[in-house]
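*Asks:* So that you have it, the file is final_33.txt, and it contains compact mmCIF, C-alpha atoms:
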# COMPACT_ATOMS: atom_id res chain seq x y z
CA MET R 53 10.49 40.71 -3.63
CA THR R 54 8.19 38.39 -1.73
CA PRO R 55 4.57 37.87 -2.78
CA SER R 56 2.04 39.82 -0.76
CA LEU R 57 -0.47 38.52 1.74
CA ASP R 58 -3.25 39.18 -0.77
CA ALA R 59 -1.73 36.73 -3.23
CA TYR R 60 -1.70 33.95 -0.66
CA VAL R 61 -5.26 34.66 0.46
CA LEU R 62 -6.49 34.73 -3.15
CA LEU R 63 -4.77 31.41 -3.86
CA SER R 64 -6.30 29.93 -0.73
CA ALA R 65 -9.78 31.14 -1.73
CA ALA R 66 -9.36 29.68 -5.22
CA LEU R 67 -8.26 26.33 -3.81
CA PHE R 68 -11.21 26.30 -1.44
CA ALA R 69 -13.59 27.03 -4.32
CA VAL R 70 -12.11 24.19 -6.38
CA GLY R 71 -12.63 21.80 -3.48
CA PHE R 72 -16.18 23.08 -3.04
CA LEU R 73 -16.84 22.52 -6.75
CA GLY R 74 -15.63 18.95 -6.41
CA VAL R 75 -17.92 18.28 -3.46
CA LEU R 76 -20.89 19.61 -5.42
CA VAL R 77 -20.18 18.01 -8.77
CA ARG R 78 -18.70 14.58 -8.13
CA ARG R 79 -20.75 11.47 -7.33
CA ASN R 80 -18.05 9.22 -5.90
CA THR R 81 -17.79 9.36 -2.10
CA LEU R 82 -14.02 8.91 -2.14
CA VAL R 83 -13.47 11.82 -4.53
CA ILE R 84 -15.83 13.95 -2.45
CA TYR R 85 -13.67 13.10 0.56
CA MET R 86 -10.50 14.09 -1.30
CA CYS R 87 -12.11 17.41 -2.15
CA LEU R 88 -12.98 17.92 1.53
CA GLU R 89 -9.29 17.43 2.34
CA LEU R 90 -8.46 19.98 -0.35
CA MET R 91 -10.73 22.56 1.32
CA LEU R 92 -9.12 21.87 4.70
CA VAL R 93 -5.63 22.36 3.27
CA ALA R 94 -6.73 25.60 1.59
CA ALA R 95 -7.86 26.99 4.96
CA THR R 96 -4.55 25.84 6.42
CA LEU R 97 -2.64 27.79 3.77
CA ALA R 98 -4.53 30.97 4.67
CA LEU R 99 -3.75 30.43 8.37
CA VAL R 100 -0.03 30.00 7.73
CA ALA R 101 0.06 33.07 5.48
CA PHE R 102 -1.72 35.27 8.06
CA SER R 103 0.53 33.95 10.79
CA ARG R 104 3.65 34.70 8.77
CA PHE R 105 2.63 38.20 7.77
CA ASN R 106 1.67 39.14 11.32
CA ALA R 107 4.93 37.75 12.70
CA THR R 108 3.32 35.38 15.18
CA GLU R 109 3.57 31.64 15.68
CA ASP R 110 -0.01 31.10 16.87
CA GLY R 111 -1.44 30.34 13.43
CA ASP R 112 1.32 27.81 12.79
CA VAL R 113 0.57 26.03 16.06
CA PHE R 114 -3.11 25.97 15.15
CA VAL R 115 -2.25 24.43 11.78
CA PHE R 116 -0.38 21.69 13.63
CA PHE R 117 -3.58 20.84 15.50
CA ILE R 118 -5.63 21.00 12.29
CA LEU R 119 -3.30 18.50 10.60
CA THR R 120 -3.63 16.14 13.56
CA VAL R 121 -7.42 16.33 13.53
CA ALA R 122 -7.42 15.87 9.75
CA ALA R 123 -5.43 12.67 10.08
CA ALA R 124 -7.87 11.29 12.66
CA GLU R 125 -10.81 12.42 10.51
CA VAL R 126 -9.49 10.66 7.41
CA ALA R 127 -9.01 7.41 9.32
CA VAL R 128 -12.55 7.45 10.73
CA GLY R 129 -14.13 8.66 7.49
CA LEU R 130 -12.51 6.00 5.36
CA ALA R 131 -13.53 3.33 7.88
CA ILE R 132 -17.11 4.58 7.58
CA ILE R 133 -16.89 4.50 3.76
CA VAL R 134 -15.63 0.92 3.87
CA ALA R 135 -18.46 -0.04 6.24
CA LEU R 136 -20.93 1.66 3.89
CA PHE R 137 -19.51 -0.25 0.94
CA ARG R 138 -19.85 -3.53 2.80
CA ALA R 139 -23.47 -2.79 3.64
CA ARG R 140 -24.61 -1.37 0.30
CA GLN R 141 -22.01 -2.51 -2.30
CA THR R 142 -21.69 1.00 -3.73
CA VAL R 143 -20.03 4.31 -2.95
CA GLN R 144 -21.87 6.36 -5.55
CA VAL R 145 -23.78 9.12 -3.80
CA ASP R 146 -26.88 8.94 -6.02
CA ARG R 147 -27.40 5.27 -5.15
CA LEU R 148 -27.23 5.91 -1.40
CA ASP R 149 -30.66 7.49 -1.23
CA SER R 150 -32.46 5.55 1.53
CA LEU R 151 -33.13 8.78 3.43
CA ARG R 152 -34.61 10.57 0.43
CA HIS R 153 -38.17 11.65 0.98
CA MET M 221 12.95 34.94 -7.72
CA TYR M 222 10.45 34.52 -4.88
CA GLN M 223 7.69 35.73 -7.15
CA VAL M 224 8.58 33.21 -9.84
CA ALA M 225 8.63 30.36 -7.33
CA PHE M 226 5.29 31.49 -5.90
CA THR M 227 3.67 31.67 -9.33
CA THR M 228 4.98 28.25 -10.33
CA LEU M 229 3.86 26.61 -7.10
CA SER M 230 0.43 28.21 -7.12
CA VAL M 231 -0.22 27.24 -10.74
CA LEU M 232 0.90 23.67 -9.97
CA THR M 233 -1.36 23.55 -6.93
CA LEU M 234 -4.42 24.92 -8.72
CA VAL M 235 -3.99 22.72 -11.80
CA CYS M 236 -3.59 19.63 -9.64
CA ALA M 237 -6.62 20.59 -7.56
CA LEU M 238 -8.66 20.84 -10.75
CA GLY M 239 -7.20 17.48 -11.72
CA VAL M 240 -8.58 15.98 -8.51
CA VAL M 241 -12.04 17.29 -9.36
CA LEU M 242 -12.14 16.56 -13.10
CA ASN M 243 -10.31 13.23 -13.36
CA LYS M 244 -12.42 10.25 -14.36
CA ASN M 245 -10.23 7.68 -12.65
CA VAL M 246 -10.14 7.71 -8.84
CA VAL M 247 -6.49 6.65 -8.72
CA ASN M 248 -5.51 9.59 -10.93
CA SER M 249 -7.47 11.88 -8.60
CA ALA M 250 -5.47 10.59 -5.65
CA MET M 251 -2.21 11.18 -7.53
CA CYS M 252 -3.30 14.73 -8.39
CA LEU M 253 -4.08 15.26 -4.70
CA LEU M 254 -0.54 14.14 -3.90
CA LEU M 255 0.98 16.66 -6.34
CA CYS M 256 -1.32 19.39 -5.04
CA LEU M 257 -0.16 18.72 -1.47
CA ALA M 258 3.46 18.83 -2.63
CA GLY M 259 2.80 22.27 -4.10
CA ILE M 260 1.26 23.45 -0.84
CA ALA M 261 4.25 22.11 1.08
CA GLY M 262 6.43 24.22 -1.23
CA LEU M 263 4.31 27.28 -0.43
CA PHE M 264 4.73 26.52 3.29
CA VAL M 265 8.49 26.48 2.81
CA GLN M 266 8.22 29.85 1.12
CA LEU M 267 6.26 31.11 4.12
CA HIS M 268 9.13 29.93 6.38
CA ALA M 269 6.93 27.23 7.98
CA TYR M 270 9.50 24.49 7.42
CA PHE M 271 8.22 22.25 10.18
CA LEU M 272 4.67 22.41 8.86
CA ALA M 273 5.83 21.62 5.33
CA PHE M 274 7.60 18.57 6.70
CA ILE M 275 4.54 17.48 8.69
CA LEU M 276 2.28 18.07 5.68
CA VAL M 277 4.37 15.81 3.46
CA LEU M 278 4.68 13.21 6.21
CA VAL M 279 1.02 13.10 7.29
CA TYR M 280 -0.86 14.00 4.12
CA ALA M 281 1.33 12.74 1.31
CA GLY M 282 2.68 9.85 3.32
CA ALA M 283 -0.29 8.61 5.31
CA VAL M 284 -3.54 10.10 3.99
CA VAL M 285 -2.98 9.60 0.25
CA ALA M 286 -1.57 6.12 0.89
CA LEU M 287 -4.71 5.34 2.91
CA PHE M 288 -6.89 6.64 0.07
CA LEU M 289 -5.05 4.45 -2.44
CA PHE M 290 -5.39 1.48 -0.11
CA ILE M 291 -9.15 1.99 0.19
CA ILE M 292 -9.50 2.44 -3.58
CA MET M 293 -7.69 -0.89 -3.98
CA LEU M 294 -9.90 -2.50 -1.33
CA LEU M 295 -13.13 -1.30 -2.93
CA ASP M 296 -11.81 -2.22 -6.39
CA MET M 297 -12.70 0.95 -8.27
CA GLN M 298 -9.71 0.80 -10.59
CA GLY M 299 -11.78 0.96 -13.76
CA GLY M 300 -13.35 4.21 -12.70
CA GLN M 301 -17.05 4.68 -13.13
CA PRO M 302 -17.99 7.13 -15.84
CA TRP M 303 -18.80 10.32 -14.01
CA SER M 304 -22.39 10.65 -14.91
CA PHE M 305 -23.38 14.08 -13.85
CA ARG M 306 -26.50 15.83 -14.79
CA VAL M 307 -26.03 19.04 -16.69
CA LEU M 308 -28.19 21.08 -14.36
CA GLN M 309 -26.36 19.93 -11.25
CA ALA M 310 -22.95 20.51 -12.84
CA LEU M 311 -23.98 23.99 -13.92
CA ALA M 312 -25.29 24.79 -10.44
CA GLY M 313 -22.06 23.48 -8.93
CA PHE M 314 -19.89 25.65 -11.19
CA ILE M 315 -22.00 28.73 -10.46
CA ALA M 316 -21.88 28.09 -6.71
CA ALA M 317 -18.12 27.61 -6.74
CA ALA M 318 -17.63 30.75 -8.82
CA LEU M 319 -19.83 32.73 -6.43
CA LEU M 320 -17.88 31.43 -3.45
CA ALA M 321 -14.56 32.30 -5.09
CA THR M 322 -15.64 35.82 -6.01
CA GLY M 323 -17.09 36.37 -2.54
CA LEU M 324 -13.92 35.28 -0.78
CA ASP M 325 -11.73 37.26 -3.19
CA LEU M 326 -13.81 40.40 -2.71
CA LEU M 327 -13.55 39.93 1.04
CA ALA M 328 -9.79 39.57 0.76
CA VAL M 329 -9.32 42.53 -1.58
CA ARG M 330 -11.82 44.93 0.00
CA GLY M 331 -10.80 43.95 3.50
CA ARG M 332 -7.49 45.81 2.99
CA LEU M 333 -5.36 43.19 4.64
CA GLU M 334 -2.77 45.48 6.12
CA ALA M 335 0.34 43.59 6.98
CA GLY M 336 3.86 44.80 7.29
CA PRO M 337 6.72 42.99 5.66
CA PRO M 338 7.16 39.62 7.31
CA LEU M 339 9.87 39.31 9.90
CA GLY M 340 12.67 37.14 8.73
CA HIS M 341 14.26 34.86 11.23
CA ALA M 342 16.68 31.99 11.00
CA VAL M 343 15.39 28.44 10.61
CA GLY M 344 16.55 27.11 13.94
CA SER M 345 15.23 29.98 16.04
CA SER M 346 11.78 29.71 14.44
CA LEU M 347 11.55 26.01 15.19
CA LYS M 348 12.73 26.57 18.76
CA LEU M 349 10.07 29.22 19.29
CA TYR M 350 7.48 26.88 17.80
CA ALA M 351 8.37 24.00 20.09
CA TYR M 352 8.51 26.35 23.08
CA GLN M 353 4.95 27.51 22.41
CA LEU M 354 3.76 23.97 21.85
CA PHE M 355 5.04 22.87 25.23
CA THR M 356 4.11 25.91 27.30
CA THR M 357 1.12 27.93 26.05
CA TYR M 358 -0.49 25.08 24.14
CA LEU M 359 0.34 22.18 26.41
CA LEU M 360 -3.27 21.32 27.23
CA PRO M 361 -4.40 21.30 23.57
CA VAL M 362 -1.50 18.99 22.74
CA GLN M 363 -2.69 16.56 25.41
CA VAL M 364 -6.29 16.82 24.25
CA ILE M 365 -5.27 16.20 20.62
CA GLY M 366 -3.31 13.14 21.69
CA PHE M 367 -6.39 11.83 23.46
CA LEU M 368 -8.48 12.59 20.36
CA LEU M 369 -6.13 10.46 18.27
CA LEU M 370 -6.57 7.61 20.73
CA VAL M 371 -10.36 7.95 20.58
CA ALA M 372 -10.29 8.00 16.78
CA MET M 373 -8.16 4.88 16.71
CA VAL M 374 -10.53 3.02 19.02
CA GLY M 375 -13.49 4.27 16.97
CA VAL M 376 -12.00 2.96 13.72
CA VAL M 377 -11.38 -0.44 15.28
CA VAL M 378 -14.96 -0.58 16.60
CA ILE M 379 -16.47 0.44 13.23
CA SER M 380 -14.52 -2.23 11.36
CA ARG M 381 -15.37 -4.94 13.91
CA ARG M 382 -19.08 -4.25 14.01
CA THR M 383 -19.48 -4.45 10.24
CA ALA M 384 -17.48 -7.68 10.19
CA GLU M 385 -19.91 -9.22 12.66
CA GLY M 386 -22.92 -7.79 10.84
CA SER M 387 -21.97 -9.35 7.52
CA GLU M 388 -21.71 -12.85 8.95
Now that the file is in, can you turn its structure into structure tokens?
*Replies:*
Amino acid sequence: MTPSLDAYVLLSAALFAVGFLGVLVRRNTLVIYMCLELMLVAATLALVAFSRFNATEDGDVFVFFILTVAAAEVAVGLAIIVALFRARQTVQVDRLDSLRH
Amino acid sequence: MYQVAFTTLSVLTLVCALGVVLNKNVVNSAMCLLLCLAGIAGLFVQLHAYFLAFILVLVYAGAVVALFLFIIMLLDMQGGQPWSFRVLQALAGFIAAALLATGLDLLAVRGRLEAGPPLGHAVGSSLKLYAYQLFTTYLLPVQVIGFLLLVAMVGVVVISRRTAEGSE
């Protein structure tokens, strides 16, 4: 007895919500970034589940591209965070408020 | 059997995801992220996406989490700042996340996701089909993604260089 498509989609939605919660609640830029990755992986899980239950390979191929883009995104994002730390000596979001009105 | 494995993996994944969010120490958060990704790789295996599970462990667990740990070490945040969040903001965050979760779940449940039983095929044939699609239908996207990786690499080098000059 395999789990149904609903179960996978519900799990994916729950994971996405947890990542969203982290982005809203945490103050540390690095943890916020980890939570962004979590949301990306949750969407990936939904894609793979839909692809599997519709007996196609297209979703899987798309996930391959998503993983590639995620790797590039992490590299660039972490470089930006390091540059930010060098300029401002902090990665706490509430201290990076130069643009606040 | 499948159901038990699914339940175990999903509980592991969700608990570790909550660990990422609620951990005080950044290093512990990264470790929780690692475990969470391992759980998702297990779910991928259960969905017969063996290649993707392999890639997920290789790219995410191998490269991304290692990069996160490296940056944490570089920025020296080992002690872990106390996570000072304001009560109002935390409350708003929880409510927003709960609303999002219920909305998505309602969409999934009410949407009546009709899907037949998944087709089972052997491991080798699935991978062959995958590679065939990657090199025929999706050949142009593969090239574009390769170019994107090159651009990202150059961008990272430029960002690091410019800040090095700026700080002097």
*Asks:* What residues in chain M have any atom no more than 6 Å from chain R when counting all atoms listed in the file, and can you write them as a compact mmCIF listing (two decimals) with C-alpha atoms, in the coordinates of the input?
*Replies:*
# COMPACT_ATOMS: atom_id res chain seq x y z
CA TYR M 222 10.45 34.52 -4.88
CA GLN M 223 7.69 35.73 -7.15
CA VAL M 241 -12.04 17.29 -9.36
CA ALA M 310 -22.95 20.51 -12.84
CA GLY M 313 -22.06 23.48 -8.93
CA ALA M 317 -18.12 27.61 -6.74
CA ALA M 321 -14.56 32.30 -5.09
CA LEU M 324 -13.92 35.28 -0.78
CA ASP M 325 -11.73 37.26 -3.19
CA ALA M 335 0.34 43.59 6.98
CA PRO M 338 7.16 39.62 7.31
CA LEU M 339 9.87 39.31 9.90
CA LEU M 369 -6.13 10.46 18.27
CA ALA M 372 -10.29 8.00 16.78
CA VAL M 376 -12.00 2.96 13.72
*Asks:* For atom CA of M:Ala351 and atom CA of M:Leu272, quote the distance in Å rounded to one decimal.
*Replies:*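 Separation of atom CA of M:Ala351 and atom CA of M:Leu272: 11.9 Å.
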*Asks:* One decimal, in Å: what's the spacing between atom CA of M:Gln309 and atom CA of M:Leu327?
*Replies:* 26.7 Å
*Asks:* Just how far from atom CA of M:Val279 is atom CA of M:Ala250, in Å to one decimal?
*Replies:*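 Here the two named atoms are 14.7 Å from each other.
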*Asks:* What's around M:Leu232 at 8 Å? Count only C-alpha atoms, leave out sequence neighbours fewer than 2 positions away in its own chain, and write the answer as a PyMOL selection string.
*Replies:* chain M and resi 228-230+234-236+255-256+259
*Asks:* Under the rule that all atoms listed in the file are counted, which of M:Val247, M:Ala316, M:Ala328, M:Leu354 is the nearest residue to M:Ile291?
*Replies:*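 Smallest distance to M:Ile291 is found for M:Val247.
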*Asks:* Please give the centre and size of the box around stretch 108-119 of chain R (axis-aligned, containing every atom listed in the file, 6 Å added per side), with values in Å to one decimal and written as AutoDock Vina command-line options.
*Replies:*
--center_x -1.0 --center_y 26.9 --center_z 13.7 --size_x 21.2 --size_y 28.9 --size_z 18.3
*Asks:* Could I get stretch 225-237 of chain M rebuilt with N, CA and C atoms, written as a tab-separated table (two decimals), in the frame of the given file?
*Replies:*
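Output file out-v4.tsv is given in full below:
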chain	number	residue	atom	x	y	z
M	225	ALA	N	8.89	31.62	-8.04
M	225	ALA	CA	8.63	30.36	-7.33
M	225	ALA	C	7.18	30.31	-6.87
M	226	PHE	N	6.68	31.46	-6.38
M	226	PHE	CA	5.29	31.49	-5.90
M	226	PHE	C	4.33	31.21	-7.04
M	227	THR	N	4.57	31.87	-8.19
M	227	THR	CA	3.67	31.67	-9.33
M	227	THR	C	3.68	30.22	-9.78
M	228	THR	N	4.88	29.65	-9.89
M	228	THR	CA	4.98	28.25	-10.33
M	228	THR	C	4.23	27.34	-9.38
M	229	LEU	N	4.48	27.50	-8.09
M	229	LEU	CA	3.86	26.61	-7.10
M	229	LEU	C	2.35	26.77	-7.08
M	230	SER	N	1.88	28.03	-7.19
M	230	SER	CA	0.43	28.21	-7.12
M	230	SER	C	-0.26	27.66	-8.36
M	231	VAL	N	0.38	27.82	-9.53
M	231	VAL	CA	-0.22	27.24	-10.74
M	231	VAL	C	-0.25	25.72	-10.63
M	232	LEU	N	0.86	25.13	-10.15
M	232	LEU	CA	0.90	23.67	-9.97
M	232	LEU	C	-0.21	23.22	-9.04
M	233	THR	N	-0.36	23.94	-7.92
M	233	THR	CA	-1.36	23.55	-6.93
M	233	THR	C	-2.77	23.63	-7.50
M	234	LEU	N	-3.06	24.74	-8.19
M	234	LEU	CA	-4.42	24.92	-8.72
M	234	LEU	C	-4.73	23.90	-9.81
M	235	VAL	N	-3.75	23.67	-10.71
M	235	VAL	CA	-3.99	22.72	-11.80
M	235	VAL	C	-4.22	21.32	-11.23
M	236	CYS	N	-3.42	20.96	-10.22
M	236	CYS	CA	-3.59	19.63	-9.64
M	236	CYS	C	-4.91	19.53	-8.88
M	237	ALA	N	-5.33	20.62	-8.25
M	237	ALA	CA	-6.62	20.59	-7.56
M	237	ALA	C	-7.75	20.38	-8.56
